[in-house]
Each structure stands twice: as structure tokens, then as C-alpha cells.
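**Student:** Attaching a single structure in C-alpha cells format; questions to follow.
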Amino acid sequence: MGTQKIPVKNKFYILFIFLIAFTFKGISENKLDSLKTVFEKTTAPLEKFNIGYNIVRALSSERNPETKTYYLKCAELSAQINTPAISAKSDFMKAIAFYNDDENKKAAQFFKEVIPKLQENNLTEELADAYSFYGLNSLAIGEYVGSIENYEKSNVLSKELNKQIQVCENNMYLGRAYENMGNNTKALEYYQAALVLAQNMKMEKMAMEGTLFIGALYSDGINKKLGMQYLSKAAEAAEKYKDTTMLINAYTYIANNYYYEKDYTSALKMYEKIKSFCGTYGSRNTYAGTLGNMGNVYADMGETEKAMELQLEAIRIFNEIGDIQGLTICYSAIGKDYLNAKQYDKALEYFNRSLPMAQEMKSLDDLIEIHENLARLFEETKDFEKAYQNYKLYKQYSDSIYNSSNSQKLTELELNYQLEGKQKEAKLLQEITNERFKRIVYAITSGGLILLIIIFLVVRANRQRKKTNEQLTISNNAIRLQKEELETHKKEITDSINYAKRIQESILPPDNFWKNCLPDSFIFYRPKDIVSGDFYWIEQKKEIVCFAAVDCTGHGVPGALMSVVGFNLLTQAVNEMNLTMPSEILKHLDYGVTKTLRQSEDGKGVKDGMDLSLCSINLKTQELQYAGAYNSMYYVSGGIFNEIKSDKFPIGVNIDGKVDNYTNHSVQLKKGDCVYLFSDGYADQFGGPKGKKFKYNQLKELLHKNYLLPIEEQKQKLADVFDSWKGDLEQVDDVVIIGVRV
């Protein structure tokens, strides 16, 4: 039988203690001492500050306790110099210093505060480093989604700055974050990309680190033999370069493999060796993780009291430093200890502590193991419904990781999971079936008695009921005829509306036409009913592309009729009137709607109109022009989120007969900037835990948070958040959002 997934008791806490920026790793001890000497002799505040900045970065790469000392000296110099740029760099050093001291919660807040300051002062290189450190800090405490977002942002800037070493580093930790979330295929993709970069740059120590990452991934129950080959190679390189921190990590995985082979004595000896290293070279995360790993070994040896003592000490340290990943694993491990001891209440208590953390981190590995053990707990306590619910979640999460389409390298693991899963599922289903059979027998017996009583009563009342039944038959026939008539009318109406939908869809721009005009763009379109009052529009005139998101009064059939009027007038403005300036197009549209709907002071015309945001973009100069009626425009340029507000009067409804004048705005965009147009349907949707509106502030945060993602992934994020927020509530309005990347 091949390798198999290690259950929760065997899930080891692994924190790579060399989680530091590589940029300054090449500074020798002699050069660092030289920098310190120059720092002490220099008197000019600005020059001294810049030397101190380099010292802090170099010390942080070694997790040297002097890091905070030099940061404080630089902070005093910053106060003397008193410029925004120097203040921003000083705040960046502050965040690094707190990260260096394992004060991760405070460090996270400082990184969050300093990043906007670096953006405001155009400190692009420092911003790339700050995103990388922020990702590093998030990874250290188990906030994997945030870690991935920050590393991706750092990669964008690092590639622009041609900082290949930084890109290599970021790729390694992106792989680590994905591995912790259970996405081994994505993790291996990033690890290999980092290793190729390191080898191309002939950075032997970085290549050694990439080798260790890949060996760690394989050794974790996927392919231990191949994993040991990578780990042994990494350990040899670590000894060659006298890299103690790298050696600690290699030893940790080798110790884990001893555990997998049930060689507990060798595993404990290796962990004791790692503990001795941690006092000098490792972080508190690593020390606590090693205690947890030793607890796992003692638990399997049957020494539960010793195991819990080690795991509780690990929990104390993880709590102090705010390490969610470590807490998740240790709580789950203690829950397994209590489960094995048949102390079900205590076991459930610890699993319930671990589960929300695993859900928050989206760590599929942890979710698989927790639900597997919860299924076992409820099975043993005869709560078969909860057992089956947790077993299905266990299967759902495990299938999402170990599906055979992920990678040929994971095939063996997948086959073992299928075999194990089918055996457990068959056993559990059999028990549930037996329980249901007992309930069915009881129900049939009870039902039989009730049926005999009913028959007796029916016989007694037969004559009285005969007359009543005749009357009911007459009434039912009348109701049936009315129902058939209503269904016929309903079908006719529905068929008509469906045909109207086909007509409306035929006037909307086809996908290929839209993509031909704006290749890197998306349209998120959700009508409330079969037909929609919201629509999207696009036309191209030479090098200028005009596009709009339009919200007509009402939704359903009335809104759809208005959309036809609006679409034709917009197309007429560009193709027949040769208008490309948004304010002029809106003016033409305002006049056309008022005239078409005969809106005047006599009150006889239709009082409907439309709100919209409309842009034109010059494909050669990347100049964007915008005008809007009630609907604003958002755009992200250089990482900064911006809003241009609309005019506060709609299209149409000009009962005085005067055409409105709309404000034309112009913005010079650059490559990579994103523009968003939208109706009010998304922000007005009710939902969430309290059934409230989503609102525009959340929409802004959502767009800003995801603007660096590929354009189609941005659209998917909008859809996922909308569906999650709405839940089981009814959609309140039509929705359209347009996103364009320049």
C-alpha cells in the first residue's frame, strides 16, 4: 500500500525560521561592522539615517536583537530631519523591528499603517520590501490569504524594479502559504519557479532554500523517498555553508520522517537537537512548534500526560506571539488526545477551538483533519447525523486537494484517500442505515395503529362524508379549471418575457466585440428578473472607445423597455452624431430621452429616466474622459484608489424642457491602472449576518483589494462576494459592474 495522508495527530508544525528578506543576506559580518563604525563617526543627520537604515535591514535578515536598538537611533534622527519620506522609512524600520522581536500582532498594524505613507512619498523600492515583509509577518501567524495578497503586490513592484532576488524570495513564500492552505499543486508551482530563478542567478544558498521547500512538500506524506532526497541535499548544502537556520529546518523534516516510520527514539533525539539550536538561532515560533511536534511523538508512544504538557506549553507561546497556525494544530492535537482517551466533551471543546481558526486561515489540511476526527467523535457518541455531516465535509475538503487532476505527483496519495474514504463511508452509511431502519419500523407500527383508528372513524361517518365529497368534487373541478386557465395565462406571459429577453440580449454588445475593443476587461451582469433595466454599452470611433454602465428606472419589463431607448440613443450619439466626449454624449442622451418619452410640464409623458456612468478612452494616449449622472466612477492608479463623483441629476425627466449640462472629467492613466463603472444594484443588495445593505464603502474596499488580480478573477471575486452576502435573500435590483485594465 502506498503513502497515505497523515491524520491530525501526525500533522507537524513547521515554520521556516529563515523567513527574512534575502535582499541584505549577502552583507558579510565584516561589512556590517564597518557600517556600524561609519554610523558612529557620521554626524550629518540624513547621511547617518541612511546608513542606519541599511544596518537595520541587514540586522533584521539575521534576526539580530540589535535591530530595535538601531531603529530607535534612526527614529531620533528622523525626528531631527522631519520630512515625510524619512518619516515613512523610519516607520517601516519600526515595523521590521517589531517583526524581528516576534511581536507579530503589533508588526502587522505597523505595516498596515506605513504602506500608504510609502505610496504617498513614491518610495517604490521600500514599498516592494514592505509588502514582502507584511506577507512574511502574515505567514508567520497563519494569515495565509493576507500573506498571498501582499506577496503578489510585492511581486508586481519587484518585477517593475527588476529585483529578481526579491521575486525569487516572494515565490518561495507564496508556495509556503499555498501549501499551508492545502493547495500542494499551486505550492509546487511557486517553489519550482523560485528554484529556477535562483539557479539562473547562480545564487547557491537561495537554490538550497528552494530545494528544502520542495523536499518539505514531498516528505509530508506525498512521496517520502523523493522528499528525503531533496532534504538530504539541502542538509548537505546547509552544512557546507554553515547555515544553522537552514539546518534546523532540514533536521525538522528528517525528524518527521523518523516519526512517520515509527522510529520514535530517533525522532525525539532529533527534536531535542533542534531545541538546543533554537535557543541561539531559532524564533519562538520554531521553539513552540518543536514542542508541539515532540508532543505528537509522546502521544503515539502512549505517554499522553507528557504529550499534553508539551502541547499546552506550545499553546502558551503561540498565544503570546499570536500564531494562529500553531494554535490550530496544537488545539487539534489535544482534541485527538482526549478523543483517544474517550473524553468526548474535552475533545469536542478543543476541536471547536481549532475549527474556526482553520476556517479563518482557509487551511484545507487542518479542515480535513478536524472534520475527520469530529466524524469519528460523533460516530463513537452515536450522534450519526453529525458524524455523517462532518464526514461529508472531510471528503469534500480532501477531494478538493487530492483530486487526480491536480498533479500526477499526487496520484498515489489520491488513490489511498479514495480507498480509505470508501471504507469509512461504507461503515458510517451502514450504521446510519441501521438506525434509520429502526426508526422506519417504529413509524410503520405507529402508523398502522393510527390507520386502524381512522378506518373505524371513516366507516362510522361514511354516510355524512358521502354528501360532503360530492360537494368537494364540484368545488375541485371549478378550482382545477381556474388553475388551468391561470397557468395558461402565466405561460403566455412568461413566454413573452423570455422572448423579450432574447431581444434585449441581441442588442447588448457581443462578447467578441467587447473584447476586441477592450481586451483586458470584464462585465459582471446580474438581472433581477428575466429582463433587465441595467445594461452595458460600447462603441469605438477610430482610436477612441466609449463605454457605459446604465441603470434605467425600474427593473423587469419597464426597465427593459427603457434600456432599448437608451441603447439606441447612445449608439446614435457616437455613430451618427460623431460624439466621443462623455459630457456631450450625455447631453444628447438627455435630450433624446426627454423627447422620446414626451416629458413636459403638462404631466402627460412618462416620468422615467436613467442613471449612468460613461467613459471614453484614447487607446493611444491612455487619456480617460468621464461624465456621470448619479453614478460615480472608481479607478486605481499606482495602487491608490480614486473616485470621481457624478452630477446629481438624471438623464431625462426634464419637465421644463431644458437639457442638462454634464461635467466632463479627464484623467491620464498609465499601464496597469484599473477603471470601474457600476449601477447601484450591488451596493444596495441586502444580506450579510444582519441583513443590511452592502453599501459603497464595502464595494470600494473589495475592488481595491483585488485590483491586482487577473481581470477574470476580479469578476469571480465580485460574484462570490455578492452570492455570499445575498445568501437566501431576494435580489433587490439589477446589477452591472464593468472593470477595465489599461
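For the C-alpha cells, the naming scheme is as follows: chains receive sequential letters (A, B, ...) according to their order of presentation, residues are indexed from 1 within each chain, and ligands are indexed from 1 in presentation order.
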Need the shell around Ser563 of chain A: protein/DNA/RNA residues with any atom at most 12 Å away, counting only C-alpha atoms. Skip same-chain ones fewer than 2 positions apart. Format as a PDB file with C-alpha atoms, in the first residue's frame?

**Tutor:**
```pdb
ATOM      1  CA  ALA A 500     -38.244  39.974 -24.748  1.00  0.00           C
ATOM      2  CA  LYS A 501     -35.094  38.711 -23.039  1.00  0.00           C
ATOM      3  CA  ILE A 503     -34.497  40.676 -27.984  1.00  0.00           C
ATOM      4  CA  GLN A 504     -32.721  42.551 -25.185  1.00  0.00           C
ATOM      5  CA  GLU A 505     -29.731  40.179 -25.294  1.00  0.00           C
ATOM      6  CA  ILE A 507     -28.936  44.421 -28.711  1.00  0.00           C
ATOM      7  CA  LEU A 508     -26.299  44.096 -25.967  1.00  0.00           C
ATOM      8  CA  VAL A 531     -35.222  41.047 -18.435  1.00  0.00           C
ATOM      9  CA  SER A 532     -33.205  43.917 -17.008  1.00  0.00           C
ATOM     10  CA  GLY A 533     -33.288  47.692 -16.580  1.00  0.00           C
ATOM     11  CA  ASP A 534     -29.484  47.757 -16.294  1.00  0.00           C
ATOM     12  CA  PHE A 535     -27.409  47.383 -19.434  1.00  0.00           C
ATOM     13  CA  TYR A 536     -23.861  47.838 -20.684  1.00  0.00           C
ATOM     14  CA  TRP A 537     -22.857  49.600 -23.916  1.00  0.00           C
ATOM     15  CA  ALA A 549     -22.896  51.168 -17.340  1.00  0.00           C
ATOM     16  CA  VAL A 550     -26.542  52.296 -17.395  1.00  0.00           C
ATOM     17  CA  ASP A 551     -29.331  51.937 -14.795  1.00  0.00           C
ATOM     18  CA  CYS A 552     -32.822  52.648 -16.152  1.00  0.00           C
ATOM     19  CA  THR A 553     -35.758  53.471 -13.896  1.00  0.00           C
ATOM     20  CA  GLY A 554     -37.269  50.268 -12.508  1.00  0.00           C
ATOM     21  CA  HIS A 555     -36.396  46.713 -13.433  1.00  0.00           C
ATOM     22  CA  GLY A 556     -38.105  43.872 -15.283  1.00  0.00           C
ATOM     23  CA  VAL A 557     -40.209  44.741 -18.333  1.00  0.00           C
ATOM     24  CA  PRO A 558     -40.455  48.557 -17.743  1.00  0.00           C
ATOM     25  CA  GLY A 559     -36.714  48.786 -17.222  1.00  0.00           C
ATOM     26  CA  ALA A 560     -36.016  46.663 -20.285  1.00  0.00           C
ATOM     27  CA  LEU A 561     -38.144  48.951 -22.480  1.00  0.00           C
ATOM     28  CA  VAL A 565     -34.428  53.589 -25.784  1.00  0.00           C
ATOM     29  CA  GLY A 566     -31.148  54.361 -24.015  1.00  0.00           C
ATOM     30  CA  PHE A 567     -29.075  51.907 -26.037  1.00  0.00           C
ATOM     31  CA  ASN A 568     -30.290  53.297 -29.372  1.00  0.00           C
ATOM     32  CA  LEU A 569     -29.681  56.917 -28.344  1.00  0.00           C
ATOM     33  CA  LEU A 570     -26.134  56.154 -27.135  1.00  0.00           C
ATOM     34  CA  VAL A 593     -34.981  60.562 -23.674  1.00  0.00           C
ATOM     35  CA  ASP A 608     -38.874  57.736 -16.117  1.00  0.00           C
ATOM     36  CA  GLY A 609     -35.164  58.278 -16.795  1.00  0.00           C
ATOM     37  CA  MET A 610     -31.805  56.671 -16.239  1.00  0.00           C
ATOM     38  CA  ASP A 611     -28.599  56.986 -14.182  1.00  0.00           C
ATOM     39  CA  LEU A 612     -25.272  56.076 -15.745  1.00  0.00           C
TER      40      LEU A 612
END
```

**Student:** Can you list, as number ranges by chain, all residues belonging to segment 172-283 of chain A that DSSP tags as alpha helix (DSSP H)?

**Tutor:** A: 172-180, 184-200, 204-219, 224-241, 244-260, 264-278

**Student:** Using only C-alpha atoms, which protein or nucleic acid residues come within 9 Å of Met270 of chain A? Drop anything in the same chain fewer than 6 positions from it, and give the result as a list of chain:residue names.

**Tutor:** A:Tyr251, A:Thr252, A:Ile254, A:Ala255

**Student:** Those selected residues, please, written with N, CA and C atoms and delivered as a PDB file, in the first residue's frame.

**Tutor:**
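Output (out-v4.pdb):
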```
ATOM      1  N   TYR A 251      16.639  19.321   9.562  1.00  0.00           N
ATOM      2  CA  TYR A 251      16.552  18.357  10.657  1.00  0.00           C
ATOM      3  C   TYR A 251      15.096  18.127  11.068  1.00  0.00           C
ATOM      4  N   THR A 252      14.294  19.188  11.039  1.00  0.00           N
ATOM      5  CA  THR A 252      12.889  19.050  11.446  1.00  0.00           C
ATOM      6  C   THR A 252      12.155  18.070  10.541  1.00  0.00           C
ATOM      7  N   ILE A 254      13.509  15.773   8.616  1.00  0.00           N
ATOM      8  CA  ILE A 254      14.094  14.437   8.762  1.00  0.00           C
ATOM      9  C   ILE A 254      13.542  13.779  10.025  1.00  0.00           C
ATOM     10  N   ALA A 255      13.415  14.570  11.112  1.00  0.00           N
ATOM     11  CA  ALA A 255      12.814  14.041  12.341  1.00  0.00           C
ATOM     12  C   ALA A 255      11.375  13.596  12.089  1.00  0.00           C
TER      13      ALA A 255
END
```

**Student:** Just checking: using only C-alpha atoms, which residue out of A:Ser132, A:Asn257, A:Asn249, A:Asn373 ends up closest to Gly227 of chain A?

**Tutor:**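 Of A:Ser132, A:Asn257, A:Asn249, A:Asn373, the one nearest Gly227 of chain A is A:Asn257, counting only C-alpha atoms.
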
**Student:** Find the spatial neighbours of Asn104 of chain A, counting only C-alpha atoms, within a cut-off of 10 Å - ignore same-chain residues fewer than 2 positions away - and output them as a list in words.

**Tutor:** Ala95, Ile96, Phe98, Tyr99, Asn100, Asp101, Asp102, Lys106, Ala107, Ala108, Gln109, Phe110, Tyr134, Leu136, Asn137, Ser138, Ala140, Ile141, Glu320, Ile321, Gly322 and Asp323 of chain A

**Student:** Restricted to N, CA and C atoms, what would the selected residues look like written as a PDB file, in the first residue's frame?

**Tutor:**
```pdb
ATOM      1  N   ALA A  95       8.257  48.764  11.966  1.00  0.00           N
ATOM      2  CA  ALA A  95       7.516  47.522  11.714  1.00  0.00           C
ATOM      3  C   ALA A  95       8.474  46.333  11.622  1.00  0.00           C
ATOM      4  N   ILE A  96       9.622  46.534  10.942  1.00  0.00           N
ATOM      5  CA  ILE A  96      10.619  45.458  10.823  1.00  0.00           C
ATOM      6  C   ILE A  96      11.136  45.055  12.197  1.00  0.00           C
ATOM      7  N   PHE A  98       9.709  45.265  15.149  1.00  0.00           N
ATOM      8  CA  PHE A  98       8.726  44.501  15.925  1.00  0.00           C
ATOM      9  C   PHE A  98       8.553  43.101  15.351  1.00  0.00           C
ATOM     10  N   TYR A  99       8.627  42.976  14.015  1.00  0.00           N
ATOM     11  CA  TYR A  99       8.596  41.628  13.430  1.00  0.00           C
ATOM     12  C   TYR A  99       9.800  40.826  13.905  1.00  0.00           C
ATOM     13  N   ASN A 100      10.964  41.476  13.936  1.00  0.00           N
ATOM     14  CA  ASN A 100      12.204  40.818  14.341  1.00  0.00           C
ATOM     15  C   ASN A 100      12.105  40.274  15.764  1.00  0.00           C
ATOM     16  N   ASP A 101      11.333  40.970  16.632  1.00  0.00           N
ATOM     17  CA  ASP A 101      11.176  40.548  18.026  1.00  0.00           C
ATOM     18  C   ASP A 101       9.982  39.622  18.233  1.00  0.00           C
ATOM     19  N   ASP A 102       9.429  39.082  17.135  1.00  0.00           N
ATOM     20  CA  ASP A 102       8.288  38.157  17.208  1.00  0.00           C
ATOM     21  C   ASP A 102       7.033  38.801  17.776  1.00  0.00           C
ATOM     22  N   LYS A 106       1.606  43.488  16.662  1.00  0.00           N
ATOM     23  CA  LYS A 106       1.959  44.897  16.561  1.00  0.00           C
ATOM     24  C   LYS A 106       2.608  45.182  15.211  1.00  0.00           C
ATOM     25  N   ALA A 107       3.473  44.268  14.771  1.00  0.00           N
ATOM     26  CA  ALA A 107       4.137  44.459  13.482  1.00  0.00           C
ATOM     27  C   ALA A 107       3.116  44.566  12.360  1.00  0.00           C
ATOM     28  N   ALA A 108       2.075  43.719  12.393  1.00  0.00           N
ATOM     29  CA  ALA A 108       1.049  43.743  11.344  1.00  0.00           C
ATOM     30  C   ALA A 108       0.377  45.110  11.274  1.00  0.00           C
ATOM     31  N   GLN A 109       0.070  45.684  12.441  1.00  0.00           N
ATOM     32  CA  GLN A 109      -0.571  47.001  12.468  1.00  0.00           C
ATOM     33  C   GLN A 109       0.358  48.073  11.919  1.00  0.00           C
ATOM     34  N   PHE A 110       1.650  47.996  12.265  1.00  0.00           N
ATOM     35  CA  PHE A 110       2.612  48.989  11.785  1.00  0.00           C
ATOM     36  C   PHE A 110       2.810  48.892  10.269  1.00  0.00           C
ATOM     37  N   TYR A 134       5.375  42.386   5.089  1.00  0.00           N
ATOM     38  CA  TYR A 134       3.998  42.237   5.585  1.00  0.00           C
ATOM     39  C   TYR A 134       3.484  40.827   5.280  1.00  0.00           C
ATOM     40  N   LEU A 136       5.369  38.242   4.940  1.00  0.00           N
ATOM     41  CA  LEU A 136       6.154  37.381   5.811  1.00  0.00           C
ATOM     42  C   LEU A 136       5.554  37.323   7.211  1.00  0.00           C
ATOM     43  N   ASN A 137       5.185  38.480   7.734  1.00  0.00           N
ATOM     44  CA  ASN A 137       4.578  38.565   9.065  1.00  0.00           C
ATOM     45  C   ASN A 137       3.233  37.837   9.093  1.00  0.00           C
ATOM     46  N   SER A 138       2.428  38.005   8.033  1.00  0.00           N
ATOM     47  CA  SER A 138       1.131  37.316   7.964  1.00  0.00           C
ATOM     48  C   SER A 138       1.316  35.807   7.899  1.00  0.00           C
ATOM     49  N   ALA A 140       3.781  34.121   9.142  1.00  0.00           N
ATOM     50  CA  ALA A 140       4.270  33.638  10.429  1.00  0.00           C
ATOM     51  C   ALA A 140       3.145  33.379  11.416  1.00  0.00           C
ATOM     52  N   ILE A 141       2.022  34.098  11.297  1.00  0.00           N
ATOM     53  CA  ILE A 141       0.911  33.932  12.247  1.00  0.00           C
ATOM     54  C   ILE A 141      -0.285  33.230  11.616  1.00  0.00           C
ATOM     55  N   GLU A 320       0.994  34.010  22.979  1.00  0.00           N
ATOM     56  CA  GLU A 320       1.753  35.236  23.239  1.00  0.00           C
ATOM     57  C   GLU A 320       2.145  35.944  21.946  1.00  0.00           C
ATOM     58  N   ILE A 321       2.530  35.150  20.928  1.00  0.00           N
ATOM     59  CA  ILE A 321       3.012  35.766  19.685  1.00  0.00           C
ATOM     60  C   ILE A 321       1.915  35.865  18.631  1.00  0.00           C
ATOM     61  N   GLY A 322       0.710  35.369  18.935  1.00  0.00           N
ATOM     62  CA  GLY A 322      -0.424  35.498  18.004  1.00  0.00           C
ATOM     63  C   GLY A 322      -0.317  34.600  16.792  1.00  0.00           C
ATOM     64  N   ASP A 323       0.221  33.396  16.966  1.00  0.00           N
ATOM     65  CA  ASP A 323       0.410  32.467  15.837  1.00  0.00           C
ATOM     66  C   ASP A 323      -0.830  31.577  15.695  1.00  0.00           C
TER      67      ASP A 323
END
```

**Student:** Extract, using only C-alpha atoms, all DNA, RNA and protein residues at most 6 Å from segment 170-178 of chain A, discarding same-chain residues fewer than 2 positions from it, and format them as a compact mmCIF listing (two decimals) with C-alpha atoms, in the first residue's frame.

**Tutor:**
```
# COMPACT_ATOMS: atom_id res chain seq x y z
CA TYR A 144 -2.40 32.89 4.59
CA ILE A 148 -0.61 35.81 -0.57
CA TYR A 151 3.45 38.88 -1.74
CA VAL A 167 10.74 37.92 -6.81
CA CYS A 168 12.51 34.63 -6.07
CA ASN A 180 -0.41 25.64 4.38
CA MET A 181 -3.82 26.19 2.76
CA ASN A 183 -3.07 23.61 -2.31
CA ALA A 187 2.67 25.43 -3.85
CA TYR A 190 5.76 28.56 -6.93
CA TYR A 191 8.58 26.55 -5.32
CA ALA A 194 11.73 30.18 -7.24
```

**Student:** If we count only C-alpha atoms and set the cut-off at 6 Å, which residues sit around Ile368 of chain A, ignoring sequence neighbours fewer than 5 positions away in its own chain? Please answer as an MDAnalysis selection string.

**Tutor:** chainID A and resid 394 397:398

**Student:** With C-alpha atoms retained, could you export that selection as a PDB file, in the first residue's frame?

**Tutor:**
```pdb
ATOM      1  CA  TYR A 394     -13.931  15.746   5.411  1.00  0.00           C
ATOM      2  CA  TYR A 397     -12.102  19.157   1.565  1.00  0.00           C
ATOM      3  CA  SER A 398      -9.893  16.136   0.924  1.00  0.00           C
TER       4      SER A 398
END
```

**Student:** Residues of segment 142-178 of chain A that have any atom at most 9 Å from an atom of segment 698-709 of chain A: could you tabulate them with the shortest-distance atom pair and the distance in Å to one decimal, using only C-alpha atoms, ordered by chain and increasing number, as JSON lines?

**Tutor:**
```
{"residue": "A:Glu149", "atom": "CA", "partner": "A:Lys705", "partner_atom": "CA", "distance": 8.3}
{"residue": "A:Glu152", "atom": "CA", "partner": "A:Leu708", "partner_atom": "CA", "distance": 8.0}
{"residue": "A:Lys153", "atom": "CA", "partner": "A:Leu708", "partner_atom": "CA", "distance": 7.1}
{"residue": "A:Val156", "atom": "CA", "partner": "A:Leu708", "partner_atom": "CA", "distance": 8.3}
```

**Student:** Would you kindly return, as an MDAnalysis selection string, each protein, DNA or RNA residue with an atom no farther than 6 Å from any atom of Tyr630 of chain A, considering only C-alpha atoms and excluding same-chain residues fewer than 2 positions away?

**Tutor:** chainID A and resid 611 646:648

**Student:** Okay, now the selection with C-alpha atoms, as a compact mmCIF listing (two decimals), in the first residue's frame?

**Tutor:**
```
# COMPACT_ATOMS: atom_id res chain seq x y z
CA ASP A 611 -28.60 56.99 -14.18
CA SER A 646 -21.10 62.27 -10.81
CA ASP A 647 -23.51 65.12 -11.42
CA LYS A 648 -26.64 64.89 -9.27
```

**Student:** State, in Å with one decimal place, the distance from atom CA of Thr621 of chain A to atom CA of Gln714 of chain A.

**Tutor:** 25.3 Å

**Student:** So, counting only C-alpha atoms, which residue among A:Leu127, A:Cys674, A:Ala234, A:Leu586 is closest to Ile248 of chain A?

**Tutor:**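 Ranking A:Leu127, A:Cys674, A:Ala234, A:Leu586 by distance to Ile248 of chain A, first place goes to A:Ala234.
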
**Student:** Nearest to Lys275 of chain A: which of A:Met294, A:Ala548, A:Ala299, A:Leu374 is it, counting only C-alpha atoms?

**Tutor:**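 Under the stated criterion, the closest residue is A:Met294.
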
**Student:** Please determine, counting only C-alpha atoms, which residue among A:Ile640, A:Leu614, A:Leu364, A:Ala288 has the shortest atom-to-atom distance to Phe318 of chain A.

**Tutor:**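 Answer, going by the shortest atom-to-atom distance: A:Ala288.
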